[in-house]
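Below is one structure, written out as structure tokens; comments come after it.
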Amino acid sequence: MAKVFIDNKEYEVPNGKNMLEVCLSLGMDLTYFCWHPAMHSVGACRQCAVTQYRDENDTRGKLTMACMLDANEGTRISILDQKSKDFRAGNIEALMINHPHDCPVCDEGGECHLQDMTVMSGHNYRRYRFKKRTHLNQDLGPFIKHEMNRCIQCYRCVRFYNDYAGGKDFGVFASSGRVYFGRSESGTLESEFSGNLVEVCPTGVFTDKTLHKHYTRKWDLTSAPSVCHQCSVGCNTLASERYGGLRRIMTRYNGDVNGYFLCDRGRFGYEYVNDEKRLTRAAQKENTSGPEAFASVRKHLASSPKMIGIGSPRASLESNFMLKQLVGAENFYQGIPGTEAGAVNTVLEVLQNGKVKTPSLKEIESYDTIFILGEDLTNAAPRIALSLRQAAKNLPREKAYALRIQTWNDAAIREVVQGETGPFFVATPYATKLEDIATSSFHGDTSSLVSLGKKIAAHIRKGEQGLANHDEETGFASATAKALSSSQKPLIVSGTGMMSKAIIRVAASIAGALKEAGKEPGLVFAVPEANSMGLSMMGAAGALEEAADRVAKENDITAVVLETDLFYRTDKNTATGFLNRCQKTILLDTLENQTTPEVDFILPAGTFAESDGTLVNNEGRAQRYYQVFQPKNEMKSSWAWLDMMIHNTEDARPFDAIVSEMAEHIPAFDKIKTLAPAADYRIGTQRIPRQTHRFSGRTSINANVSVHEPKPPVDKDSPLSYTMEGYQGQPPSADIPYYWSPGWNSIQSINKYQIEVGGELHGGNPGIRLIEPQEDGATVFEENIVSAGKGRFEILPAWDIFGSGEMSALSPAVAKRIPEAAVSVSEKALQGSGLSGAEKIRINYHSGDIVLPVKVDNSLPDNVLLFPKGFKETAGMQFPLYGDIAGV
Amino acid sequence: MATEQVISNEARQEIEQLFHHLPHKQAACIDALKVVQKYNRWVSDQALQELAPILEMSPHEIDSVATFYNIIFRRPVGRHVVYLCNSVSCYIMGYEGIYKALKEKLQIDFGQTTKDDRYTFLPIPCLGTCDHAPAMIIDKDLYRDLKPETLDAILAKYE
Amino acid sequence: MERPLTEHIKQDGTALSLKEYEAVGGYQGLRNALKMSPADVMNAVKDSKLRGRGGAGFPTGVKWSFVPMGDNAPTPKYIVANGDEMEPGTFKDRLLIEGNPHQLIEGMIISAYAIGAGMSFIFLRWAYHEAADRITRALQEAYQAGYLGNNIMGSGFNLDMDLHTSVGRYICGEETALLNALEGKRANPRNKPPFPQVSGLFGKPTIVNNVETFCNIPHILAKGAEWYISLSRSEGGGGTKLYGASGKVKRPAIWELPLGTTLGEIFEEHAGGMLEGYQLRGLLPGGASTDFLTPDHMDIKMDFESVAKAGSRMGTGTIIVMDDKTCPIGMCLNLENFFAQESCGWCTPCREGLPWTAKILLALEEGKGKPEDIDHLTFQTHYNAPGNTFCALAPGAMEPLQSALKYFREDFDEHINTHRCKYHN
Ligand SMILES: Cc1cc2nc3c(=O)[nH]c(=O)nc-3n(C[C@H](O)[C@H](O)[C@H](O)COP(=O)(O)O)c2cc1C
Ligand code: SF4
Ligand code: FES
């Protein structure tokens, strides 16, 4: 701790901070632009100027930048003195001379850091009387709008896009007053994290193009704390609605999980919520819809049919649990194929029984030596890849710290580090994007990756003698093992991407070996979907194949299918077979898909935006999301439908009742009761408003229907209200629907919600870890023998951030980013089959064949083909497949 | 590649020579741009594309550097570049007259290239020859103590 | 009067070859240095009271002493000669490089030996094509003669040296921006600390000195610190200094004179006073980024302290003379246009403040000035004061302006009141 003085008041502050962080952490208002809590200081904008005094006798002081001033014992500054106040106001005036002053037509308006800082600085009169310089804007693709004239040259965008996120197709161009931020030429931004520019940019240069399509002023949004449903990481989000449509997704800060950033799938993949194909009314095959259809469901259930349930990794814990309650534990099946279920269950098993901790996303950034086995993180769990990029900087940064460069002195650190990263080892079937920071990489099929993993584990345990021969694989294994062994905090990253239990087990064994060696290793797995872990923890009688077997054997079964498109999850034969053999099928889902026409009853389920629920992410962290708005139709949370089915009622019990029941039945979920405040939680007597107090035109929203203002809906499932009335202060951390603080209208007001900037939220970061390592847990995991099927090629899934997400891929902006479905194959493999130069090839595999365009990828082993995972063309395929190729 | 390569093999070899004494290839970025310009007069978009793999940088990264510096040309220039010093000593010593004369003779203003592609005319900060102001450089040749009446003879040397 | 740096430079304008340089005592300093320990070489430079000739006048030996030494020090270390010389009105380094490139090279080798550097660069501005050719030749000669490369003159000391010619931008002269340029990056300055002595080129310990500074080193090592101090007429530092003058004077040129020669002596005796028909109104004593001095200041010594006391800076020691037929506002406009254009674009006051300043000056020149413009110009000089900006470019840009407002205020007022510039008829 250090004693510092701010405007003659004494404060004890933690060491290692700069004075801007200190002031903001103490809740003071000090203007800034270029500093960012995750990217730290470079001292460019000069907006955080304060006056520094040598000691109490120094009356003149000198101007200095708070963000570049270390908070040392005795540091003495003033932020209220006239000199620094005038400077800050003058600086904004200068920043604004070329600004178009177009707030009325700017998408950032009302949520703009530049507006806030301008007001805060006191600058309000413009003296500049000359021509403004203007820029041309670029088309940056479907996600980001570009309006360079609003730029204040804080350099945050390049620092995020290039330095933080590793992007290479963006930059700053020209010099002096003409500096330009964008691309060398117009074109789609390639980074998977481009959407963060929207939040990182303090003004309206980079704005959300998807929001722009149905723009609304930001204070007119109704928002709720949500959790991203687009992959297994579970980033915290703020989801916002207006007029019954979801308008945008922003980052909800969670110091343990995603911090300040999201990936583009998470941010822009929400648009399916507004799809015309949404199921909005209960329906039955005989064309009856509305309440009567649900009455028929109840009638059918009253006949006590024999039931099975198909659970879903994209549905909440509560919905899966209620399904399990409805059909009985022995009749509850995971709605995913056996290979996937096997892989996910294996992840759960090694984490539950193992001795090694699986770190949070934030903790991932603290490890210093990384080994990735088999997983394409940038595409399968993108936000993890961003954290791994930060972890890769840790060891090289030590060099800077040794020169006494402070941790916040970002530019100076980068000068010392010179772009060096690592140690970072990647072994995957194909070259993934993270290889640009890899120390070394290796590509192999499943069995060679398993064998490589075994060698690494053996080397860690026994040293070099653990390895006999010296081929490429052993060389890589020994280098990796040595690096891992020489680190105190090594991290092993793997996942279900290859759908291989053996890969997962061998990764766990490597981590186990490190643990045995006295290290503090971490073990991270990516799993396929938002609630894959939760579904696995729920326990099931089997996977989809078992369910299919079951209905094949017994022919009087009613299947209740929860948020599952059978044709997406499994191949056509299995899906149709299943549907035909069931006596009756009841589907709860959100959107029309291939399954919907085939079922007897449809109950319209709410997406994450129209329902409440809990998800368990890849780390085993349970997180609550809230309904953003009440749909004006029959959509309900799936758990609500199921509750009504169980109890034969017209209305569901409140969410809390479901959670209690779940906690009672499944001890692993006991903690979920305390995940978030109960629905009757009030601050004083007040609820937490989903709408800002600036919400406008409420009384006229329905004026076209009736001039009477309707009674707002009441939320019985949470303490949030659907109105602007309620508690205006800070809600509990799990219940923050938007960020706002007096004078801070932009997302930068997050600072005010944290104990210290960049740290924990007041009241702790939300979410509860359900899985912890076992003191006496296992460190060795028996690996199954990989059973190779018939065929010259192993066919593995290639994940794609935009194409592989079942729901997000339906969002128009995301859809524009999905590449053509193609088979990846090495040139050598093509040559070997005499297919060199072929534009399309036929791939024959055990259960079928497919013709796909060829994409040559010479990083692939000669015996591996890649199919895009979860694309229309490849939906329902279960990997790995084995097969051969032929011409067409 | 369908289009012809704009960075010649000779230039490529010269760029490869730059990497010694440097800890990584990016450090040769500016020198590499100079080499391209030496052979091509300017750095085209395609040259950036071709340079990228050689320097292990993206075209955007190279362009970010290229556009910072005023002696790297991202637009075509003529066969000869006339750089007229417009800094303070030349200003005092009669830059204005030289500027007007050159403008008239070349029939172009700063930033422009003559129709016959012979000259590009650019202003340039102080040439470090202030005791002989006003001054200009054409290509690599320095001309000092300029007088409007000596310009014709100088320009005549450049075809 | 001794002129160690320039006395051997040939009148015909050609460079001294290695042979010629050796014949007049060249590389003797290096021979002496290699017999000493690096620490002793550093001390000799400290004792000589040599101060940096790049503008700021920082004691050279002291600067070197911040470089981490010993076996645990990071390697490689670098020596960089700052030959950017883009400050308008400055043309002294050109003379040294073109006239006697080996003197610079020798100075750099000795410096490298003192700090244990293994690699060195000469950073030369784009426009000095002739100088580049001569350095290239001299480097070849030095390598051939064994002054560069491995095991220099049997001492076991190794050093390589490369020439880097820049591609423009005044900011490259700022030493940390120069390092970024050498790394192939955009030449934005870096924050200090860490200083380049600790984390410089490629993140390694680096010394950047001005060309003239390096050229002093061989002589200090050849003849000793005491001799070197005796050359100076200044309390504040040793040696001679290259002074120069440009503008409407009789004999614009560069002269090597004792440090601390008075302004009047330089102006009258060496530059020969004003050309017929012109009167002296003011002068910038050390390049474009120094405050105006006036005919009243002729008695001050041209050294770091005395010029500072008079309210300006010695800067590069190259005087720009403003005559009575040059408009002070026009001259300021010319200067501010330069600085605005050469701003790197990193920090706000410089990037936005300088173009704004230039636009106001242009308005004044065009007769469109307003009374409040004076206040605003004054505001800009405070806004861009040292410490407020990221580097010294913008504060330097404000020096001529703030002093013009002080000394030539009546011209500003007249422009505003008469809506015209009388100098432009
Ligand atoms: C904008 C700016 C331009 C500069 N240009 C030069 C230059 O061209 N040559 C030079 O030697 N120093 C220049 N300097 C000073 C250098 O930053 C540095 O102080 C100097 O090279 C150190 O050398 P010295 O200690 O030998 O003087 C410049 C400084 C600034 C702020
Ligand atoms: S003062 Fe600021 S903008 Fe100007 S050159 Fe220095 S760092 Fe760049
Ligand atoms: S926030 Fe401190 S200089 Fe920009």
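Ordering of the structure tokens sets the chain letters (A, B, ...), residue numbers begin anew at 1 in every chain, and ligands are numbered from 1 in the order given.
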For range 447-450 of chain A, list every protein, DNA or RNA residue within 12 Å, evaluated using only C-alpha atoms, and leave out those in the same chain fewer than 6 positions away; present the list as a PyMOL selection string.
chain A and resi 372-375+426-430+441+456-457+472-474+476-477+494+498+500-510+782-789+794+861+863-864+880
Mind dumping a table of every chain C residue within 6 Å of ligand 2, with the nearest atom pair and its distance in Å to one decimal, using only C-alpha atoms and all ligand atoms, sorted by chain and rising number, as JSON lines?
```
{"residue": "C:Ile171", "atom": "CA", "partner": "ligand 2", "partner_atom_place_in_ligand_line": "5 (S)", "distance": 5.9}
{"residue": "C:Asn188", "atom": "CA", "partner": "ligand 2", "partner_atom_place_in_ligand_line": "8 (Fe)", "distance": 5.9}
{"residue": "C:Pro189", "atom": "CA", "partner": "ligand 2", "partner_atom_place_in_ligand_line": "7 (S)", "distance": 5.5}
{"residue": "C:Ser343", "atom": "CA", "partner": "ligand 2", "partner_atom_place_in_ligand_line": "5 (S)", "distance": 4.3}
{"residue": "C:Cys344", "atom": "CA", "partner": "ligand 2", "partner_atom_place_in_ligand_line": "8 (Fe)", "distance": 4.0}
{"residue": "C:Gly345", "atom": "CA", "partner": "ligand 2", "partner_atom_place_in_ligand_line": "3 (S)", "distance": 4.2}
{"residue": "C:Trp346", "atom": "CA", "partner": "ligand 2", "partner_atom_place_in_ligand_line": "3 (S)", "distance": 4.1}
{"residue": "C:Cys347", "atom": "CA", "partner": "ligand 2", "partner_atom_place_in_ligand_line": "2 (Fe)", "distance": 4.0}
{"residue": "C:Cys350", "atom": "CA", "partner": "ligand 2", "partner_atom_place_in_ligand_line": "4 (Fe)", "distance": 4.4}
{"residue": "C:Arg351", "atom": "CA", "partner": "ligand 2", "partner_atom_place_in_ligand_line": "3 (S)", "distance": 5.0}
{"residue": "C:Thr389", "atom": "CA", "partner": "ligand 2", "partner_atom_place_in_ligand_line": "1 (S)", "distance": 4.9}
{"residue": "C:Phe390", "atom": "CA", "partner": "ligand 2", "partner_atom_place_in_ligand_line": "7 (S)", "distance": 4.3}
{"residue": "C:Cys391", "atom": "CA", "partner": "ligand 2", "partner_atom_place_in_ligand_line": "6 (Fe)", "distance": 3.9}
{"residue": "C:Ala392", "atom": "CA", "partner": "ligand 2", "partner_atom_place_in_ligand_line": "1 (S)", "distance": 5.7}
{"residue": "C:Leu393", "atom": "CA", "partner": "ligand 2", "partner_atom_place_in_ligand_line": "1 (S)", "distance": 4.8}
{"residue": "C:Ala394", "atom": "CA", "partner": "ligand 2", "partner_atom_place_in_ligand_line": "1 (S)", "distance": 4.5}
```
Any chance you can output those residues with N, CA, C and O atoms as a PDB file, in the first residue's frame?
```
ATOM      1  N   ILE C 171      10.146  14.405 -36.902  1.00  0.00           N
ATOM      2  CA  ILE C 171      10.045  13.772 -35.586  1.00  0.00           C
ATOM      3  C   ILE C 171      11.063  12.649 -35.433  1.00  0.00           C
ATOM      4  O   ILE C 171      11.427  12.265 -34.325  1.00  0.00           O
ATOM      5  N   ASN C 188       6.590   7.383 -33.830  1.00  0.00           N
ATOM      6  CA  ASN C 188       6.026   8.069 -32.670  1.00  0.00           C
ATOM      7  C   ASN C 188       7.065   8.020 -31.565  1.00  0.00           C
ATOM      8  O   ASN C 188       7.714   7.004 -31.384  1.00  0.00           O
ATOM      9  N   PRO C 189       7.202   9.102 -30.813  1.00  0.00           N
ATOM     10  CA  PRO C 189       8.140   9.040 -29.695  1.00  0.00           C
ATOM     11  C   PRO C 189       7.663   8.039 -28.652  1.00  0.00           C
ATOM     12  O   PRO C 189       6.505   7.632 -28.641  1.00  0.00           O
ATOM     13  N   SER C 343       4.181  17.111 -36.973  1.00  0.00           N
ATOM     14  CA  SER C 343       3.675  16.458 -35.765  1.00  0.00           C
ATOM     15  C   SER C 343       3.459  14.981 -36.074  1.00  0.00           C
ATOM     16  O   SER C 343       2.994  14.630 -37.153  1.00  0.00           O
ATOM     17  N   CYS C 344       3.789  14.130 -35.135  1.00  0.00           N
ATOM     18  CA  CYS C 344       3.626  12.704 -35.418  1.00  0.00           C
ATOM     19  C   CYS C 344       2.169  12.293 -35.336  1.00  0.00           C
ATOM     20  O   CYS C 344       1.792  11.236 -35.810  1.00  0.00           O
ATOM     21  N   GLY C 345       1.340  13.116 -34.654  1.00  0.00           N
ATOM     22  CA  GLY C 345      -0.075  12.775 -34.557  1.00  0.00           C
ATOM     23  C   GLY C 345      -0.416  11.912 -33.359  1.00  0.00           C
ATOM     24  O   GLY C 345      -1.498  11.328 -33.289  1.00  0.00           O
ATOM     25  N   TRP C 346       0.482  11.858 -32.409  1.00  0.00           N
ATOM     26  CA  TRP C 346       0.245  10.970 -31.268  1.00  0.00           C
ATOM     27  C   TRP C 346      -0.528  11.688 -30.159  1.00  0.00           C
ATOM     28  O   TRP C 346      -1.544  11.203 -29.681  1.00  0.00           O
ATOM     29  N   CYS C 347      -0.052  12.864 -29.739  1.00  0.00           N
ATOM     30  CA  CYS C 347      -0.720  13.500 -28.600  1.00  0.00           C
ATOM     31  C   CYS C 347      -1.568  14.689 -29.047  1.00  0.00           C
ATOM     32  O   CYS C 347      -1.289  15.333 -30.038  1.00  0.00           O
ATOM     33  N   CYS C 350      -0.390  18.763 -29.589  1.00  0.00           N
ATOM     34  CA  CYS C 350       0.441  18.958 -30.767  1.00  0.00           C
ATOM     35  C   CYS C 350      -0.352  18.720 -32.036  1.00  0.00           C
ATOM     36  O   CYS C 350      -0.389  19.557 -32.936  1.00  0.00           O
ATOM     37  N   ARG C 351      -1.019  17.578 -32.099  1.00  0.00           N
ATOM     38  CA  ARG C 351      -1.724  17.195 -33.327  1.00  0.00           C
ATOM     39  C   ARG C 351      -2.828  18.183 -33.682  1.00  0.00           C
ATOM     40  O   ARG C 351      -3.035  18.506 -34.845  1.00  0.00           O
ATOM     41  N   THR C 389       2.767  18.021 -23.450  1.00  0.00           N
ATOM     42  CA  THR C 389       2.729  17.190 -24.646  1.00  0.00           C
ATOM     43  C   THR C 389       3.587  15.957 -24.404  1.00  0.00           C
ATOM     44  O   THR C 389       4.299  15.867 -23.406  1.00  0.00           O
ATOM     45  N   PHE C 390       3.488  15.038 -25.333  1.00  0.00           N
ATOM     46  CA  PHE C 390       4.180  13.761 -25.114  1.00  0.00           C
ATOM     47  C   PHE C 390       5.674  13.904 -25.341  1.00  0.00           C
ATOM     48  O   PHE C 390       6.472  13.258 -24.681  1.00  0.00           O
ATOM     49  N   CYS C 391       6.075  14.751 -26.293  1.00  0.00           N
ATOM     50  CA  CYS C 391       7.497  14.937 -26.528  1.00  0.00           C
ATOM     51  C   CYS C 391       7.782  16.414 -26.687  1.00  0.00           C
ATOM     52  O   CYS C 391       6.908  17.254 -26.493  1.00  0.00           O
ATOM     53  N   ALA C 392       8.980  16.765 -27.045  1.00  0.00           N
ATOM     54  CA  ALA C 392       9.388  18.170 -27.050  1.00  0.00           C
ATOM     55  C   ALA C 392       9.112  18.874 -28.373  1.00  0.00           C
ATOM     56  O   ALA C 392       9.438  20.045 -28.517  1.00  0.00           O
ATOM     57  N   LEU C 393       8.498  18.183 -29.334  1.00  0.00           N
ATOM     58  CA  LEU C 393       8.261  18.845 -30.617  1.00  0.00           C
ATOM     59  C   LEU C 393       7.350  20.056 -30.458  1.00  0.00           C
ATOM     60  O   LEU C 393       7.672  21.165 -30.885  1.00  0.00           O
ATOM     61  N   ALA C 394       6.204  19.837 -29.842  1.00  0.00           N
ATOM     62  CA  ALA C 394       5.228  20.923 -29.772  1.00  0.00           C
ATOM     63  C   ALA C 394       5.715  22.075 -28.888  1.00  0.00           C
ATOM     64  O   ALA C 394       5.574  23.236 -29.268  1.00  0.00           O
TER      65      ALA C 394
END
```
At a cut-off of 6 Å around ligand 3, and using only C-alpha atoms and all ligand atoms, what residues come up? Please write them as a list in words.
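What falls inside 6 Å of ligand 3 is Tyr32, Phe33, Cys34, Trp35, Gly43, Ala44, Cys45, Arg46, Gln47, Cys48, Met65, Ala66 and Cys67 of chain A.
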Give me a file of those residues, with C-alpha atoms, as a CSV table (one decimal), in the first residue's frame.
```
chain,number,residue,atom,x,y,z
A,32,TYR,CA,-9.5,10.3,-20.0
A,33,PHE,CA,-9.5,8.7,-23.4
A,34,CYS,CA,-6.5,6.7,-24.4
A,35,TRP,CA,-6.2,4.8,-21.1
A,43,GLY,CA,-0.2,8.8,-22.5
A,44,ALA,CA,-1.4,9.9,-25.9
A,45,CYS,CA,-4.6,11.9,-25.4
A,46,ARG,CA,-3.3,14.1,-22.5
A,47,GLN,CA,-6.9,14.2,-21.2
A,48,CYS,CA,-6.1,12.9,-17.7
A,65,MET,CA,-0.7,12.9,-16.9
A,66,ALA,CA,-2.3,10.9,-14.2
A,67,CYS,CA,-2.3,7.7,-16.3
```
What is the CA of Ile688 in chain A-CA of Ile672 in chain A distance in Å, reported with one decimal?
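Interatomic distance here is 20.6 Å.
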6 Å contacts from chain C to chain B using only C-alpha atoms, as a PyMOL selection string:
chain C and resi 88-91+167-168+183-186+246-247+252-253
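Neighbouring residues of His60 in chain B at 12 Å or closer, counting only C-alpha atoms and skipping chain neighbours under 6 positions away, are Val158, Asn162, Gly167, Lys168, Asp169, Phe170, Gly171, Val172, Phe173, Phe181, Gly182, Arg183, Ser184, Glu185, Ser186, Gly187, Leu189 and Glu190 of chain A; Asp45, Gln46, Ala47, Leu48, Gln49, Leu51, Ala52, Ala66 and Thr67 of chain B.
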Shell around range 66-75 of chain C at 10 Å using only C-alpha atoms, local window under 3 positions removed, as a PyMOL selection string
(chain A and resi 399) or (chain C and resi 38-39+61-63+78+114-119+195-199+203-207)
How about saving the chosen residues, C-alpha atoms kept, as a compact mmCIF listing (two decimals), in the first residue's frame?
```txt
# COMPACT_ATOMS: atom_id res chain seq x y z
CA LYS A 399 11.87 -8.72 -18.94
CA PRO C 38 35.58 1.32 -20.82
CA ALA C 39 34.97 2.95 -17.45
CA GLY C 61 29.35 11.22 -20.09
CA VAL C 62 26.52 11.33 -17.59
CA LYS C 63 24.11 10.00 -20.19
CA TYR C 78 23.45 -0.13 -29.40
CA ALA C 114 32.76 2.76 -23.51
CA ILE C 115 29.28 1.30 -23.09
CA GLY C 116 30.03 -2.15 -24.48
CA ALA C 117 27.86 -1.85 -27.59
CA GLY C 118 28.19 -4.43 -30.33
CA MET C 119 26.09 -2.78 -32.99
CA PHE C 195 15.12 5.90 -21.04
CA PRO C 196 16.84 4.52 -24.12
CA GLN C 197 19.97 3.94 -22.06
CA VAL C 198 17.97 1.20 -20.33
CA SER C 199 15.43 0.15 -22.93
CA GLY C 203 14.28 -2.92 -26.13
CA LYS C 204 18.03 -2.98 -25.43
CA PRO C 205 20.32 -0.39 -23.83
CA THR C 206 21.01 2.28 -26.40
CA ILE C 207 22.87 5.57 -26.59
```
At a cut-off of 6 Å around ligand 1, and using only C-alpha atoms and all ligand atoms, what residues come up? Please write them as a VMD selection string.
chain C and resid 52 to 58 60 82 to 87 171 173 to 175 208 to 210 213 391 to 393
